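The data block below is protein.cif; it holds mmCIF, C-alpha atoms.
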```
data_run
#
loop_
_atom_site.label_atom_id
_atom_site.label_comp_id
_atom_site.auth_asym_id
_atom_site.auth_seq_id
_atom_site.Cartn_x
_atom_site.Cartn_y
_atom_site.Cartn_z
CA GLN G 1 12.15 3.22 -4.37
CA VAL G 2 8.94 1.42 -3.50
CA HIS G 3 5.85 3.51 -2.94
CA VAL G 4 2.16 2.77 -2.70
CA VAL G 5 -0.38 5.57 -2.78
CA GLU G 6 -4.02 5.28 -1.77
CA SER G 7 -6.85 7.34 -3.21
CA GLY G 8 -10.60 7.30 -3.55
CA GLY G 9 -11.67 8.05 -0.01
CA GLY G 10 -14.33 10.57 0.84
CA LEU G 11 -17.58 11.31 2.61
CA VAL G 12 -20.48 9.00 1.81
CA GLN G 13 -23.90 8.36 3.31
CA PRO G 14 -24.72 5.04 4.99
CA GLY G 15 -25.52 2.47 2.34
CA GLY G 16 -23.32 4.21 -0.18
CA SER G 17 -20.25 3.02 -2.08
CA LEU G 18 -16.68 4.03 -2.70
CA ARG G 19 -13.80 2.52 -4.65
CA LEU G 20 -10.37 2.84 -3.12
CA SER G 21 -7.25 2.55 -5.25
CA CYS G 22 -3.74 1.48 -4.29
CA ALA G 23 -1.31 2.57 -6.98
CA ALA G 24 2.30 1.38 -7.00
CA SER G 25 5.32 3.31 -8.16
CA GLY G 26 8.88 2.12 -8.40
CA PHE G 27 7.92 -1.52 -8.64
CA SER G 28 5.50 -3.90 -10.33
CA LEU G 29 2.56 -5.08 -8.28
CA ASP G 30 2.70 -8.35 -10.25
CA TYR G 31 5.03 -9.76 -7.60
CA TYR G 32 3.45 -8.31 -4.48
CA ALA G 33 0.71 -9.44 -2.17
CA ILE G 34 -1.48 -6.54 -1.12
CA GLY G 35 -3.45 -5.87 2.02
CA TRP G 36 -5.90 -3.18 3.04
CA PHE G 37 -5.99 -2.14 6.68
CA ARG G 38 -7.88 0.54 8.52
CA GLN G 39 -7.65 2.79 11.55
CA ALA G 40 -10.86 4.05 13.09
CA PRO G 41 -10.97 7.44 14.86
CA GLY G 42 -9.35 7.29 18.28
CA LYS G 43 -8.12 3.73 17.77
CA GLU G 44 -4.92 2.08 16.68
CA ARG G 45 -4.59 0.68 13.21
CA GLU G 46 -6.08 -2.79 13.14
CA ARG G 47 -3.59 -5.61 12.96
CA GLU G 48 -5.96 -7.76 10.97
CA GLY G 49 -6.59 -6.70 7.43
CA VAL G 50 -9.87 -5.56 6.02
CA SER G 51 -9.11 -7.39 2.80
CA CYS G 52 -6.01 -8.93 1.25
CA ILE G 53 -5.06 -10.53 -2.05
CA SER G 54 -2.27 -12.89 -3.11
CA THR G 55 0.22 -12.15 -5.87
CA ASN G 56 -1.51 -14.40 -8.37
CA ASP G 57 -5.02 -13.34 -7.29
CA ILE G 58 -5.98 -16.93 -6.47
CA SER G 59 -6.41 -16.21 -2.78
CA THR G 60 -8.32 -13.43 -1.11
CA TYR G 61 -9.16 -12.65 2.49
CA TYR G 62 -11.96 -10.61 3.99
CA ALA G 63 -12.57 -9.70 7.59
CA ASP G 64 -15.91 -11.00 8.85
CA SER G 65 -17.13 -7.44 9.31
CA VAL G 66 -16.85 -6.69 5.57
CA LYS G 67 -17.65 -10.01 3.92
CA GLY G 68 -20.28 -9.60 1.25
CA ARG G 69 -19.82 -5.82 1.18
CA PHE G 70 -16.19 -5.22 0.14
CA THR G 71 -14.39 -6.64 -2.90
CA ILE G 72 -10.67 -6.59 -3.59
CA SER G 73 -9.30 -6.78 -7.13
CA ARG G 74 -6.15 -6.14 -9.05
CA ASP G 75 -5.38 -4.56 -12.44
CA ASN G 76 -1.76 -5.33 -13.18
CA ALA G 77 -1.86 -3.36 -16.42
CA LYS G 78 -2.56 -0.25 -14.33
CA ASN G 79 -0.30 -1.39 -11.51
CA THR G 80 -3.20 -0.83 -9.14
CA VAL G 81 -5.21 -2.77 -6.57
CA TYR G 82 -8.76 -1.72 -5.82
CA LEU G 83 -11.05 -2.12 -2.85
CA GLN G 84 -14.72 -1.70 -3.68
CA LEU G 85 -16.70 -0.67 -0.62
CA ASN G 86 -20.46 -1.21 -0.83
CA SER G 87 -23.28 -0.93 1.72
CA LEU G 88 -21.11 1.26 3.86
CA LYS G 89 -21.88 1.65 7.54
CA ALA G 90 -20.90 4.30 10.06
CA GLU G 91 -18.52 1.81 11.66
CA ASP G 92 -16.56 1.63 8.40
CA THR G 93 -15.36 5.17 9.03
CA ALA G 94 -11.57 5.04 9.17
CA VAL G 95 -8.35 5.85 7.43
CA TYR G 96 -7.71 3.02 4.99
CA TYR G 97 -4.14 1.97 4.32
CA CYS G 98 -2.70 -0.11 1.52
CA ALA G 99 0.32 -2.32 2.20
CA ALA G 100 2.55 -4.43 -0.05
CA ARG G 101 4.70 -7.50 0.51
CA LEU G 102 7.04 -9.13 -2.00
CA SER G 103 5.61 -12.58 -2.73
CA VAL G 104 6.71 -13.96 -6.07
CA PHE G 105 4.55 -16.59 -7.77
CA SER G 106 2.61 -17.34 -4.62
CA SER G 107 -1.00 -17.98 -3.73
CA SER G 108 -0.38 -17.06 -0.10
CA VAL G 109 -2.51 -14.30 1.32
CA TYR G 110 -1.33 -12.36 4.36
CA SER G 111 -3.97 -11.00 6.71
CA THR G 112 -1.85 -9.45 9.44
CA SER G 113 -0.12 -6.09 9.33
CA ASN G 114 3.29 -7.39 10.41
CA ALA G 115 3.56 -9.38 7.18
CA TYR G 116 3.85 -6.22 5.07
CA ASN G 117 6.89 -4.11 4.31
CA TYR G 118 5.58 -1.13 2.39
CA TRP G 119 2.77 1.16 3.47
CA GLY G 120 0.95 4.11 2.00
CA GLN G 121 -0.16 7.25 3.79
CA GLY G 122 -3.82 6.32 3.88
CA THR G 123 -7.08 7.68 2.54
CA GLN G 124 -9.95 8.84 4.75
CA VAL G 125 -13.35 7.19 4.45
CA THR G 126 -16.18 8.84 6.37
CA VAL G 127 -19.64 7.31 6.44
CA SER G 128 -22.17 9.76 7.80
CA SER G 129 -25.60 11.13 7.06
#
```

Target format structure tokens, applied to this file:
Amino acid sequence: QVHVVESGGGLVQPGGSLRLSCAASGFSLDYYAIGWFRQAPGKEREREGVSCISTNDISTYYADSVKGRFTISRDNAKNTVYLQLNSLKAEDTAVYYCAARLSVFSSSVYSTSNAYNYWGQGTQVTVSS
């Protein structure tokens, strides 16, 4: 059974950093494109991803709001995808979700939520002084 589990969220001051992890169980992330999405308090989960990465890591996507501050990476040996969050702002406060899509030997990156089949439960990121 395919599962992805997010971790690494927490409370951080503006300007601070966090590293989120998306760990896979029941399957190898080698063959899956991964996307990070978020849901701010009182809002629906955003349809456009925060950051996404292709199966072969050639292609990445970042929302304009996070470019230059967030970095997505993959460690296939650990079966984990990471999202490094730097220079955090109050508006980054949200539940962050990891999603996976089977995409064998592809450089395609998928930035919209409807492209993904498997979702985690989310990890809370709160940016506040």

Which residues are close to G:Asn114, i.e. within 12 Å by all atoms listed in the file, leaving aside same-chain residues fewer than 2 positions away? Reply as an NGL selection string. :G and (35 or 37 or 45-49 or 99-101 or 110-112 or 116-119)

Just-selected residues, C-alpha atoms written as an mmCIF file, in the coordinates of the input:
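Here's the written file part.cif:
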```
data_model
loop_
_atom_site.group_PDB
_atom_site.id
_atom_site.type_symbol
_atom_site.label_atom_id
_atom_site.label_comp_id
_atom_site.auth_asym_id
_atom_site.auth_seq_id
_atom_site.Cartn_x
_atom_site.Cartn_y
_atom_site.Cartn_z
ATOM 1 C CA GLY G 35 -3.450 -5.870 2.020
ATOM 2 C CA PHE G 37 -5.990 -2.140 6.680
ATOM 3 C CA ARG G 45 -4.590 0.680 13.210
ATOM 4 C CA GLU G 46 -6.080 -2.790 13.140
ATOM 5 C CA ARG G 47 -3.590 -5.610 12.960
ATOM 6 C CA GLU G 48 -5.960 -7.760 10.970
ATOM 7 C CA GLY G 49 -6.590 -6.700 7.430
ATOM 8 C CA ALA G 99 0.320 -2.320 2.200
ATOM 9 C CA ALA G 100 2.550 -4.430 -0.050
ATOM 10 C CA ARG G 101 4.700 -7.500 0.510
ATOM 11 C CA TYR G 110 -1.330 -12.360 4.360
ATOM 12 C CA SER G 111 -3.970 -11.000 6.710
ATOM 13 C CA THR G 112 -1.850 -9.450 9.440
ATOM 14 C CA TYR G 116 3.850 -6.220 5.070
ATOM 15 C CA ASN G 117 6.890 -4.110 4.310
ATOM 16 C CA TYR G 118 5.580 -1.130 2.390
ATOM 17 C CA TRP G 119 2.770 1.160 3.470
#
```

Would you mind listing what lies within 6 Å of G:Ser51 as a PyMOL selection string, with all atoms listed in the file counted and same-chain residues fewer than 3 positions away left out? chain G and resi 35-36+61-62

With C-alpha atoms kept, could you save the residues just selected as a PDB file, in the frame of the given file?
```
ATOM      1  CA  GLY G  35      -3.450  -5.870   2.020  1.00  0.00           C
ATOM      2  CA  TRP G  36      -5.900  -3.180   3.040  1.00  0.00           C
ATOM      3  CA  TYR G  61      -9.160 -12.650   2.490  1.00  0.00           C
ATOM      4  CA  TYR G  62     -11.960 -10.610   3.990  1.00  0.00           C
TER       5      TYR G  62
END
```

G:Ala94: which residues within 9 Å, counting all atoms listed in the file, same-chain residues fewer than 2 positions away excluded, as a list in words? Arg38, Gln39, Ala40, Pro41, Glu91, Asp92, Tyr96, Thr123, Gln124, Val125, Thr126 and Val127 of chain G

My list of candidates is G:Ala115, G:Ser103, G:Ser28, G:Ile34. Which is closest to G:Cys52 when distances are computed with only C-alpha atoms?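 Smallest distance to G:Cys52 is found for G:Ile34.
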
Exercise: G:Ile58 partners within 8 Å, only C-alpha atoms, chain neighbours under 4 positions left out, as an MDAnalysis selection string: chainID G and resid 53:54 107

Please produce an output containing C-alpha atoms for each residue in the selection, written as a PDB file, keeping the file's coordinate frame.
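For reference, again.pdb as written:
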```pdb
ATOM      1  CA  ILE G  53      -5.060 -10.530  -2.050  1.00  0.00           C
ATOM      2  CA  SER G  54      -2.270 -12.890  -3.110  1.00  0.00           C
ATOM      3  CA  SER G 107      -1.000 -17.980  -3.730  1.00  0.00           C
TER       4      SER G 107
END
```

Of the candidates G:Ser25, G:Leu102, G:Val109, G:Val81, which shows the shortest atom-to-atom distance to G:Ser59, using all atoms listed in the file? G:Val109

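Proximity of G:Ile72, G:Leu18, G:Ala90, G:Val104 to G:Thr55, computed with all atoms listed in the file, is greatest for G:Val104.
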
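Between G:Phe105 and the candidates G:Ser65, G:Asn56, G:Gln13, G:Ser7, the tightest atom-to-atom separation, counting all atoms listed in the file, involves G:Asn56.
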
Proximity to G:Gln121 - best of G:Cys98, G:Ser17, G:Tyr82, G:Ser106, all atoms listed in the file: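 Closest candidate: G:Cys98.
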
Shortest interatomic distance to G:Asp64 - which of G:Ser108, G:Val50, G:Ala77, G:Val5, counting only C-alpha atoms: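 Using only C-alpha atoms, G:Asp64 sits closest to G:Val50.
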
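Distance-wise, atom CA of G:Asp57 and atom CA of G:Leu11 end up 29.4 Å apart.
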